[in-house]
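Have a look at input_26.txt below; it lists compact mmCIF, C-alpha atoms.
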```
# COMPACT_ATOMS: atom_id res chain seq x y z
CA MET A 1 97.65 235.48 76.06
CA GLN A 2 100.23 236.79 73.66
CA PHE A 3 103.26 234.69 72.80
CA PHE A 4 106.46 235.53 74.65
CA ASP A 5 107.94 236.97 71.46
CA ASP A 6 105.12 239.53 71.09
CA ILE A 7 105.07 240.80 74.68
CA GLU A 8 106.59 244.26 75.10
CA ILE A 9 108.49 245.41 78.16
CA GLY A 10 106.50 248.16 79.87
CA THR A 11 103.09 246.63 79.13
CA ALA A 12 100.87 247.18 82.18
CA GLU A 13 97.61 245.34 82.88
CA ASP A 14 94.80 246.00 85.36
CA LEU A 15 93.71 242.60 86.63
CA GLY A 16 90.53 243.73 88.39
CA SER A 17 89.68 244.12 92.06
CA HIS A 18 88.53 242.04 95.01
CA VAL A 19 86.80 242.97 98.27
CA PHE A 20 88.25 241.04 101.23
CA LYS A 21 85.43 239.76 103.42
CA LYS A 22 85.83 238.83 107.07
CA ASP A 23 84.86 235.19 106.54
CA GLU A 24 87.42 234.53 103.82
CA ILE A 25 90.20 236.34 105.74
CA ILE A 26 89.55 234.14 108.78
CA SER A 27 89.07 230.98 106.71
CA PHE A 28 92.42 231.38 104.90
CA ALA A 29 94.24 232.32 108.09
CA ARG A 30 92.82 229.41 110.12
CA GLN A 31 94.25 227.05 107.52
CA PHE A 32 97.62 228.63 106.86
CA ASP A 33 98.48 231.61 109.10
CA PRO A 34 96.54 231.59 112.37
CA GLN A 35 98.31 234.56 113.99
CA PRO A 36 95.88 236.47 116.27
CA PHE A 37 95.65 239.53 114.01
CA HIS A 38 94.43 237.29 111.14
CA VAL A 39 91.88 235.13 112.98
CA ASN A 40 90.58 236.90 116.09
CA GLU A 41 88.72 240.17 115.66
CA ASP A 42 88.79 241.09 119.36
CA LEU A 43 92.52 240.50 119.77
CA ALA A 44 93.21 242.16 116.42
CA HIS A 45 91.65 245.44 117.57
CA THR A 46 93.98 245.80 120.51
CA GLY A 47 96.99 244.42 118.62
CA LEU A 48 99.67 245.46 116.22
CA PHE A 49 97.53 246.39 113.20
CA GLY A 50 94.48 247.83 115.02
CA GLY A 51 92.04 245.50 113.28
CA LEU A 52 91.56 242.13 111.65
CA CYS A 53 93.67 241.95 108.47
CA ALA A 54 94.39 239.36 105.79
CA SER A 55 97.44 237.12 105.85
CA GLY A 56 99.98 238.42 103.36
CA TRP A 57 99.87 235.01 101.66
CA HIS A 58 96.11 235.40 101.27
CA THR A 59 96.57 238.77 99.55
CA THR A 60 99.12 237.40 97.08
CA SER A 61 97.02 234.27 96.47
CA VAL A 62 94.08 236.48 95.46
CA TRP A 63 96.46 238.37 93.13
CA MET A 64 97.19 235.00 91.49
CA ARG A 65 93.47 234.31 91.08
CA LYS A 66 92.92 237.67 89.41
CA MET A 67 95.88 237.02 87.10
CA VAL A 68 94.51 233.59 86.07
CA ASP A 69 91.02 235.03 85.48
CA PHE A 70 92.51 237.84 83.40
CA ARG A 71 94.52 235.43 81.25
CA ASN A 72 91.56 233.07 80.82
CA ALA A 73 89.31 235.92 79.63
CA ASP A 74 91.99 236.89 77.11
CA ILE A 75 92.32 233.29 75.88
CA GLU A 76 88.53 233.03 75.55
CA GLN A 77 88.46 236.17 73.41
CA ARG A 78 91.27 234.89 71.20
CA ARG A 79 89.42 231.58 70.73
CA LYS A 80 86.30 233.48 69.64
CA ASP A 81 88.33 235.60 67.24
CA GLY A 82 90.06 232.53 65.81
CA ARG A 83 93.47 233.83 66.89
CA LYS A 84 96.22 231.63 68.31
CA PHE A 85 97.33 232.05 71.90
CA ALA A 86 100.25 231.15 74.13
CA ARG A 87 100.19 228.76 77.07
CA LEU A 88 101.13 230.22 80.43
CA GLY A 89 103.63 228.05 82.25
CA PRO A 90 104.54 227.77 85.91
CA SER A 91 106.64 230.23 87.91
CA PRO A 92 110.10 229.43 89.27
CA GLY A 93 109.64 231.96 92.09
CA PHE A 94 109.73 235.66 92.95
CA GLU A 95 111.79 238.35 94.68
CA ASN A 96 111.27 241.46 96.79
CA LEU A 97 107.77 240.79 98.06
CA LYS A 98 106.78 243.71 100.30
CA TRP A 99 103.65 243.79 102.41
CA LEU A 100 103.39 247.58 102.66
CA ASN A 101 100.01 248.10 104.34
CA PRO A 102 97.50 245.81 106.06
CA VAL A 103 94.48 244.59 104.08
CA TYR A 104 91.52 245.07 106.44
CA VAL A 105 88.03 243.58 106.34
CA GLY A 106 86.04 245.32 103.60
CA ASP A 107 89.06 246.70 101.75
CA ARG A 108 88.80 246.66 97.96
CA ILE A 109 92.17 245.79 96.45
CA SER A 110 92.90 246.54 92.77
CA PHE A 111 95.55 244.24 91.32
CA ARG A 112 98.07 245.11 88.61
CA SER A 113 100.90 243.51 86.64
CA LYS A 114 103.61 245.17 84.55
CA VAL A 115 106.22 243.56 82.30
CA ILE A 116 109.70 244.66 83.43
CA GLY A 117 111.93 242.18 81.62
CA LYS A 118 112.18 239.02 79.51
CA ARG A 119 114.76 236.35 78.94
CA THR A 120 115.03 233.44 76.53
CA LEU A 121 116.32 230.10 77.74
CA SER A 122 118.69 227.85 75.84
CA SER A 123 117.57 224.97 78.09
CA ARG A 124 113.89 225.44 77.20
CA PRO A 125 113.63 226.79 73.65
CA GLU A 126 109.81 226.53 73.63
CA TRP A 127 109.47 228.88 76.61
CA GLY A 128 110.60 232.36 77.60
CA LEU A 129 110.87 233.77 81.10
CA LEU A 130 108.85 236.90 81.76
CA PHE A 131 109.71 239.27 84.65
CA LEU A 132 106.73 241.11 86.15
CA LEU A 133 106.23 243.83 88.73
CA ASN A 134 102.97 242.89 90.45
CA ASP A 135 101.13 244.96 93.03
CA GLY A 136 97.82 245.88 94.63
CA LEU A 137 96.27 249.15 95.81
CA ASN A 138 93.47 249.64 98.32
CA GLN A 139 90.44 251.89 97.89
CA HIS A 140 92.45 254.82 99.29
CA GLY A 141 95.10 254.45 96.58
CA ASP A 142 97.72 253.07 99.00
CA LEU A 143 99.97 250.25 97.78
CA VAL A 144 99.37 247.22 99.99
CA PHE A 145 101.90 244.84 98.42
CA SER A 146 104.33 244.50 95.52
CA PHE A 147 106.63 241.78 94.25
CA GLU A 148 108.80 240.91 91.27
CA GLY A 149 107.41 237.71 89.77
CA ARG A 150 108.70 235.42 87.07
CA VAL A 151 106.67 233.16 84.84
CA PHE A 152 107.27 230.94 81.82
CA VAL A 153 105.33 231.94 78.70
CA GLU A 154 105.20 229.90 75.52
CA ARG A 155 107.18 231.13 72.51
CA ASP A 156 105.59 231.49 69.11
CA PRO A 157 106.38 228.25 67.27
CA ASP A 158 106.03 230.10 63.96
CA ARG A 159 108.70 232.63 64.80
CA LYS A 160 112.37 231.96 65.30
CA ILE A 161 113.55 235.23 66.70
CA THR A 162 116.55 235.52 68.96
CA ILE A 163 116.06 238.21 71.58
CA MET B 1 97.20 224.78 132.97
CA THR B 2 100.11 227.02 132.05
CA ASP B 3 100.53 230.01 134.32
CA VAL B 4 101.61 233.40 133.07
CA ASN B 5 105.21 233.07 134.24
CA THR B 6 105.72 229.70 132.61
CA ARG B 7 104.26 231.01 129.40
CA ALA B 8 106.54 234.04 129.54
CA THR B 9 109.65 231.89 129.81
CA GLN B 10 108.42 229.64 126.98
CA CYS B 11 107.66 232.58 124.71
CA ARG B 12 110.34 232.79 122.02
CA MET B 13 111.64 236.34 121.68
CA PHE B 14 114.24 238.21 119.60
CA GLU B 15 117.07 237.36 122.04
CA ASP B 16 116.37 233.63 121.66
CA PHE B 17 117.47 233.49 118.02
CA GLU B 18 121.13 232.86 117.23
CA THR B 19 122.81 232.98 113.85
CA GLY B 20 123.37 229.48 112.51
CA THR B 21 120.64 227.76 114.53
CA VAL B 22 118.53 225.37 112.46
CA PHE B 23 114.93 224.69 113.49
CA ASP B 24 113.03 221.60 112.40
CA LEU B 25 109.57 222.42 111.06
CA GLY B 26 108.39 218.83 110.99
CA GLU B 27 106.54 217.13 108.15
CA ARG B 28 103.37 217.66 106.18
CA THR B 29 101.79 215.32 103.63
CA VAL B 30 100.02 217.04 100.76
CA SER B 31 96.78 215.48 99.51
CA LYS B 32 95.32 215.67 96.03
CA GLU B 33 92.10 217.05 97.53
CA GLU B 34 93.81 220.00 99.18
CA ILE B 35 95.87 220.76 96.06
CA ILE B 36 92.67 221.00 94.03
CA ALA B 37 90.76 222.87 96.76
CA PHE B 38 93.43 225.57 97.02
CA ALA B 39 93.83 225.85 93.24
CA SER B 40 90.07 226.10 92.71
CA LEU B 41 90.00 229.17 94.92
CA TYR B 42 93.29 230.89 94.11
CA ASP B 43 95.12 229.40 91.13
CA PRO B 44 92.74 227.56 88.78
CA GLN B 45 95.28 226.62 86.11
CA PRO B 46 94.78 223.19 84.52
CA PHE B 47 98.02 221.68 85.91
CA HIS B 48 96.87 222.50 89.49
CA LEU B 49 93.33 221.12 89.01
CA ASP B 50 93.42 218.05 86.84
CA GLU B 51 95.73 215.05 86.66
CA GLU B 52 95.39 214.57 82.91
CA ALA B 53 96.03 218.26 82.18
CA GLY B 54 98.99 218.08 84.56
CA ASN B 55 100.46 215.11 82.70
CA GLN B 56 100.35 217.04 79.43
CA SER B 57 101.86 220.21 80.93
CA ILE B 58 105.41 221.42 81.45
CA LEU B 59 105.09 220.21 85.09
CA GLY B 60 104.51 216.60 83.98
CA GLY B 61 101.71 215.92 86.47
CA LEU B 62 99.24 217.45 88.90
CA ALA B 63 101.18 219.87 91.12
CA ALA B 64 100.33 222.24 93.97
CA SER B 65 100.13 225.95 93.26
CA GLY B 66 103.34 227.62 94.39
CA TRP B 67 101.22 229.93 96.55
CA HIS B 68 99.74 226.85 98.18
CA THR B 69 103.24 225.54 98.98
CA SER B 70 104.22 228.93 100.43
CA SER B 71 101.04 228.96 102.52
CA MET B 72 101.64 225.40 103.78
CA MET B 73 105.19 226.40 104.76
CA MET B 74 103.74 229.40 106.61
CA ARG B 75 101.58 227.00 108.62
CA MET B 76 104.51 224.69 109.40
CA PHE B 77 106.51 227.75 110.51
CA TYR B 78 103.61 228.94 112.67
CA ASP B 79 103.13 225.56 114.35
CA ALA B 80 106.84 225.01 115.01
CA LEU B 81 108.03 228.49 115.98
CA LEU B 82 105.43 231.24 116.02
CA THR B 83 102.67 229.92 118.29
CA TYR B 84 104.44 230.99 121.46
CA SER B 85 106.60 233.82 120.21
CA SER B 86 106.73 237.60 120.26
CA SER B 87 106.28 237.69 116.46
CA LEU B 88 105.26 241.07 115.08
CA GLY B 89 104.82 239.85 111.52
CA ALA B 90 107.02 239.94 108.42
CA PRO B 91 107.53 243.08 106.34
CA GLY B 92 108.00 240.93 103.24
CA ILE B 93 109.91 238.12 101.58
CA ASP B 94 113.33 238.59 99.97
CA ARG B 95 113.08 235.58 97.68
CA VAL B 96 111.02 232.45 97.06
CA SER B 97 112.17 229.63 94.79
CA TRP B 98 109.65 227.00 93.76
CA LEU B 99 112.39 224.52 92.85
CA LYS B 100 110.41 221.41 91.91
CA PRO B 101 106.72 220.55 91.58
CA VAL B 102 104.97 219.51 94.82
CA ARG B 103 102.73 216.54 93.97
CA ALA B 104 99.76 214.81 95.53
CA GLY B 105 101.02 212.42 98.22
CA ASP B 106 104.34 214.22 98.67
CA ARG B 107 105.60 214.44 102.24
CA LEU B 108 107.37 217.75 102.83
CA SER B 109 110.03 218.17 105.54
CA GLY B 110 110.73 221.76 106.53
CA SER B 111 113.60 223.54 108.22
CA MET B 112 114.54 227.12 109.10
CA LYS B 113 118.07 228.39 109.49
CA VAL B 114 118.80 231.70 111.22
CA LEU B 115 120.96 233.72 108.80
CA GLU B 116 121.23 236.92 110.83
CA THR B 117 119.75 238.79 113.78
CA ARG B 118 119.66 242.57 114.01
CA ALA B 119 118.12 244.89 116.60
CA SER B 120 116.03 247.66 115.09
CA ASN B 121 117.74 251.06 115.08
CA SER B 122 114.52 253.03 115.10
CA LYS B 123 112.38 250.80 117.36
CA PRO B 124 114.13 249.68 120.57
CA GLU B 125 111.33 247.22 121.38
CA LEU B 126 111.93 244.91 118.40
CA GLY B 127 114.51 243.19 116.25
CA PHE B 128 114.72 241.45 112.87
CA VAL B 129 115.56 237.79 112.38
CA ARG B 130 116.50 236.73 108.87
CA PHE B 131 115.73 233.10 107.98
CA LEU B 132 116.37 230.62 105.21
CA MET B 133 113.35 228.32 105.06
CA ARG B 134 113.63 225.10 103.08
CA ALA B 135 111.51 222.08 102.26
CA GLU B 136 112.39 218.80 100.65
CA ASN B 137 110.14 215.95 99.58
CA GLN B 138 110.19 212.29 100.70
CA HIS B 139 112.92 211.55 98.13
CA GLY B 140 115.23 214.14 99.70
CA VAL B 141 114.79 216.48 96.74
CA PRO B 142 114.68 220.21 97.67
CA VAL B 143 111.37 221.65 96.44
CA TYR B 144 111.18 225.03 98.18
CA GLU B 145 113.40 227.84 99.46
CA GLN B 146 112.42 231.13 101.03
CA THR B 147 114.60 233.91 102.45
CA PHE B 148 112.86 236.49 104.63
CA SER B 149 112.98 238.54 107.80
CA MET B 150 110.57 238.40 110.69
CA MET B 151 110.09 241.01 113.41
CA PHE B 152 110.15 239.81 117.03
CA GLY B 153 109.58 241.74 120.24
CA LYS B 154 112.62 242.01 122.51
CA ARG B 155 112.75 240.73 126.07
CA ASP B 156 114.99 243.63 126.97
CA ALA B 157 113.72 246.73 125.18
CA GLY B 158 116.40 248.93 126.76
```
Encoded form (structure tokens):
Amino acid sequence: MQFFDDIEIGTAEDLGSHVFKKDEIISFARQFDPQPFHVNEDLAHTGLFGGLCASGWHTTSVWMRKMVDFRNADIEQRRKDGRKFARLGPSPGFENLKWLNPVYVGDRISFRSKVIGKRTLSSRPEWGLLFLLNDGLNQHGDLVFSFEGRVFVERDPDRKITI
Amino acid sequence: MTDVNTRATQCRMFEDFETGTVFDLGERTVSKEEIIAFASLYDPQPFHLDEEAGNQSILGGLAASGWHTSSMMMRMFYDALLTYSSSLGAPGIDRVSWLKPVRAGDRLSGSMKVLETRASNSKPELGFVRFLMRAENQHGVPVYEQTFSMMFGKRDAG
């Protein structure tokens, strides 16, 4: 992962894809969101969405997994190359999450992340706050969700640049 | 056994929500095991998986993934309000704030305040209810806030 100071606004990353299987959709929903259209295939077919579909929180949680895997692969590569890398911090939250289309059993969702802004913090000089537009598309090219995330990224200790 | 009529009168519908009403979502204690189980599947960052790594991180200890907290709040919301309701799902979430780390052993208390109700212009059979969902830990410290709208079927679709 690049340091906050080196990240350019507009940078877009493909985080990879995930196929949502029936078992995992039901397993997540039974734990956290047991509405009929997420847990019961028979009821789901006659209901609102016309088929069993993933909880919106499941979809965004898988986005998170793909993001972590993507960052870890990048860190691994930088280790191999002997380059330094930034730590990824936690997120204070997000805005404008839209669940635009259902994610049905068997759908392959491709996850993306784009840098849309950055802000330095006088309260935390070691960290910068990155603003991201995150989304996912299904195999038909339809957007299924998008949200504006925020995450702390470590600043380069060797650079003292004011942004 | 609940008959159909009783169930119908118990079913919470659009008309049953009033601006300003606050619903209690009850409590939920978060275990270390479930923090690690969720993070292993969906958010395997060191500060969500390992106590020592958590201690050395910006979070200052093992903490639940924010997505885990949001998902736990979804379940508290479901159990308290959605089970017997005419819910038609949520089109999205306006804002989530993960205010403070949620730690192993924390006991979360949840609440939901109705901010606004609005009948749909285009779909006479449903309306939108906008909520402020909040959770605080056992020390009374707010850890989570979420603003969002939910669609509910109307009793009177006329």
Chain B residues near chain A within 8 Å, closest pair each, using all atoms listed in the file, as a tab-separated table:
```
residue	atom	partner	partner_atom	distance
B:Leu41	CA	A:Arg65	CA	7.3
B:Tyr42	CA	A:Arg65	CA	4.6
B:Asp43	CA	A:Arg65	CA	5.2
B:Pro44	CA	A:Val68	CA	6.8
B:Gln45	CA	A:Val68	CA	7.0
B:Ile58	CA	A:Gly89	CA	6.9
B:Leu59	CA	A:Pro90	CA	7.6
B:Gly66	CA	A:Ser91	CA	7.7
B:Trp67	CA	A:Ser61	CA	6.0
B:Ser70	CA	A:Trp57	CA	7.6
B:Ser71	CA	A:Phe32	CA	5.5
B:Met72	CA	A:Phe32	CA	6.0
B:Met74	CA	A:Phe32	CA	6.2
B:Arg75	CA	A:Phe32	CA	4.6
B:Tyr78	CA	A:Asp33	CA	6.8
B:Thr83	CA	A:Gln35	CA	7.7
B:Leu88	CA	A:Leu48	CA	7.2
B:Ala90	CA	A:Trp99	CA	7.9
B:Pro91	CA	A:Trp99	CA	5.6
B:Gly92	CA	A:Lys98	CA	4.2
B:Ile93	CA	A:Leu97	CA	4.9
B:Asp94	CA	A:Asn96	CA	4.8
B:Arg95	CA	A:Glu95	CA	4.3
B:Val96	CA	A:Gly93	CA	5.2
B:Ser97	CA	A:Gly93	CA	4.4
B:Trp98	CA	A:Pro92	CA	5.1
B:Leu99	CA	A:Pro92	CA	6.5
```
Original post:
atom CA of Asn40 of chain A and atom CA of Ser86 of chain B, how far apart in Å?
Top reply: 16.7 Å
Subject >> Point-to-point distance from atom CA of Leu49 of chain B to atom CA of Ile36 of chain B, Å rounded to tenths >> reply: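 Rounded to one decimal, the two atoms are 5.1 Å apart.
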Subject >> Distance criterion (all atoms listed in the file): nearest to Thr120 of chain A out of A:Asp42, A:Glu154, A:Asp14, A:Asp74 >> reply: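 That would be A:Glu154, the residue with the smallest distance to Thr120 of chain A.
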Subject >> Two-atom distance - atom CA of Phe85 of chain A, atom CA of Phe3 of chain A (Å) >> reply: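 That distance, rounded to one decimal, is 6.6 Å.
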Please return, as a PDB file with C-alpha atoms, in the coordinates of the input, all polymer residues that have at least one atom within 12 Å of the point (118.4, 246.3, 112.6); use all atoms listed in the file and the file's own coordinate frame.
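What ended up in out-v9.pdb:
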```pdb
ATOM      1  CA  PHE B  14     114.240 238.210 119.600  1.00  0.00           C
ATOM      2  CA  GLU B 116     121.230 236.920 110.830  1.00  0.00           C
ATOM      3  CA  THR B 117     119.750 238.790 113.780  1.00  0.00           C
ATOM      4  CA  ARG B 118     119.660 242.570 114.010  1.00  0.00           C
ATOM      5  CA  ALA B 119     118.120 244.890 116.600  1.00  0.00           C
ATOM      6  CA  SER B 120     116.030 247.660 115.090  1.00  0.00           C
ATOM      7  CA  ASN B 121     117.740 251.060 115.080  1.00  0.00           C
ATOM      8  CA  SER B 122     114.520 253.030 115.100  1.00  0.00           C
ATOM      9  CA  LYS B 123     112.380 250.800 117.360  1.00  0.00           C
ATOM     10  CA  PRO B 124     114.130 249.680 120.570  1.00  0.00           C
ATOM     11  CA  GLU B 125     111.330 247.220 121.380  1.00  0.00           C
ATOM     12  CA  LEU B 126     111.930 244.910 118.400  1.00  0.00           C
ATOM     13  CA  GLY B 127     114.510 243.190 116.250  1.00  0.00           C
ATOM     14  CA  PHE B 128     114.720 241.450 112.870  1.00  0.00           C
ATOM     15  CA  VAL B 129     115.560 237.790 112.380  1.00  0.00           C
ATOM     16  CA  ARG B 130     116.500 236.730 108.870  1.00  0.00           C
ATOM     17  CA  SER B 149     112.980 238.540 107.800  1.00  0.00           C
ATOM     18  CA  MET B 150     110.570 238.400 110.690  1.00  0.00           C
ATOM     19  CA  MET B 151     110.090 241.010 113.410  1.00  0.00           C
ATOM     20  CA  PHE B 152     110.150 239.810 117.030  1.00  0.00           C
TER      21      PHE B 152
END
```
Original post:
Of the candidates B:Ala157, B:Leu25, B:Ala53, B:Val102, which one gets nearest to Pro142 of chain B if we count all atoms listed in the file?
Top reply: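 Checking each candidate against Pro142 of chain B, we get B:Val102 as the closest.
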Subject >> Minimum-distance residue to Arg108 of chain A, chosen among A:Ser17, A:Ser27, A:Thr11, A:Asn134 (using only C-alpha atoms) >> reply: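 When distances to Arg108 of chain A are compared using only C-alpha atoms, the smallest one comes from A:Ser17.
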**OP:** Write out as a PyMOL selection string which residues come within 10 Å of Gly141 of chain A when counting all atoms listed in the file, dropping same-chain ones fewer than 4 positions away.
**Re:** chain A and resi 109-110+136-137
**OP:** Select all residues near (104.8, 213.1, 89.0) (cut-off 9 Å, inclusive, file coordinates), counting all atoms listed in the file, and output them as number ranges by chain.
**Re:** B: 54-55, 59-63, 101-104
**OP:** Fewer than 5 positions away in the same chain doesn't count, so skip those; otherwise give me all residues within 9 Å of Glu126 of chain A, counting only C-alpha atoms, as a VMD selection string.
**Re:** chain A and resid 121 153 to 157
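In this comparison, which uses only C-alpha atoms, the residue of A:Leu43, A:Ile75, A:Leu52, A:Ile7 approaching Gly128 of chain A most closely is A:Ile7.
Distances here use all atoms listed in the file; by that measure, the residue among B:Thr29, B:Pro46, B:Glu34, B:Gly153 closest to Gln138 of chain B is B:Thr29.
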**OP:** Extract, using all atoms listed in the file, all DNA, RNA and protein residues at most 12 Å from Val22 of chain B, discarding same-chain residues fewer than 2 positions from it, and format them as a ChimeraX atom specification.
**Re:** /B:17-20,24-25,80-81,110-116,131-134
Identify, on the basis of all atoms listed in the file, every residue whose closest approach to Arg28 of chain B does not exceed 7 Å; exclude the query and any residue fewer than 4 positions from it along the same chain; express the result as a short mmCIF file (atom, residue, chain, number, x, y, z; two decimals) with C-alpha atoms, in the frame of the given file.
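Output below, filename around01.cif:
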```cif
data_model
loop_
_atom_site.label_atom_id
_atom_site.label_comp_id
_atom_site.auth_asym_id
_atom_site.auth_seq_id
_atom_site.Cartn_x
_atom_site.Cartn_y
_atom_site.Cartn_z
CA ARG B 107 105.60 214.44 102.24
CA LEU B 108 107.37 217.75 102.83
CA SER B 109 110.03 218.17 105.54
#
```
**OP:** Compare A:Arg71, A:Arg83, A:Arg78, A:His140 by their minimum atom-to-atom distance to Asp107 of chain A, counting all atoms listed in the file, and give me the closest one.
**Re:**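 Comparing A:Arg71, A:Arg83, A:Arg78, A:His140 against Asp107 of chain A, the winner is A:His140.
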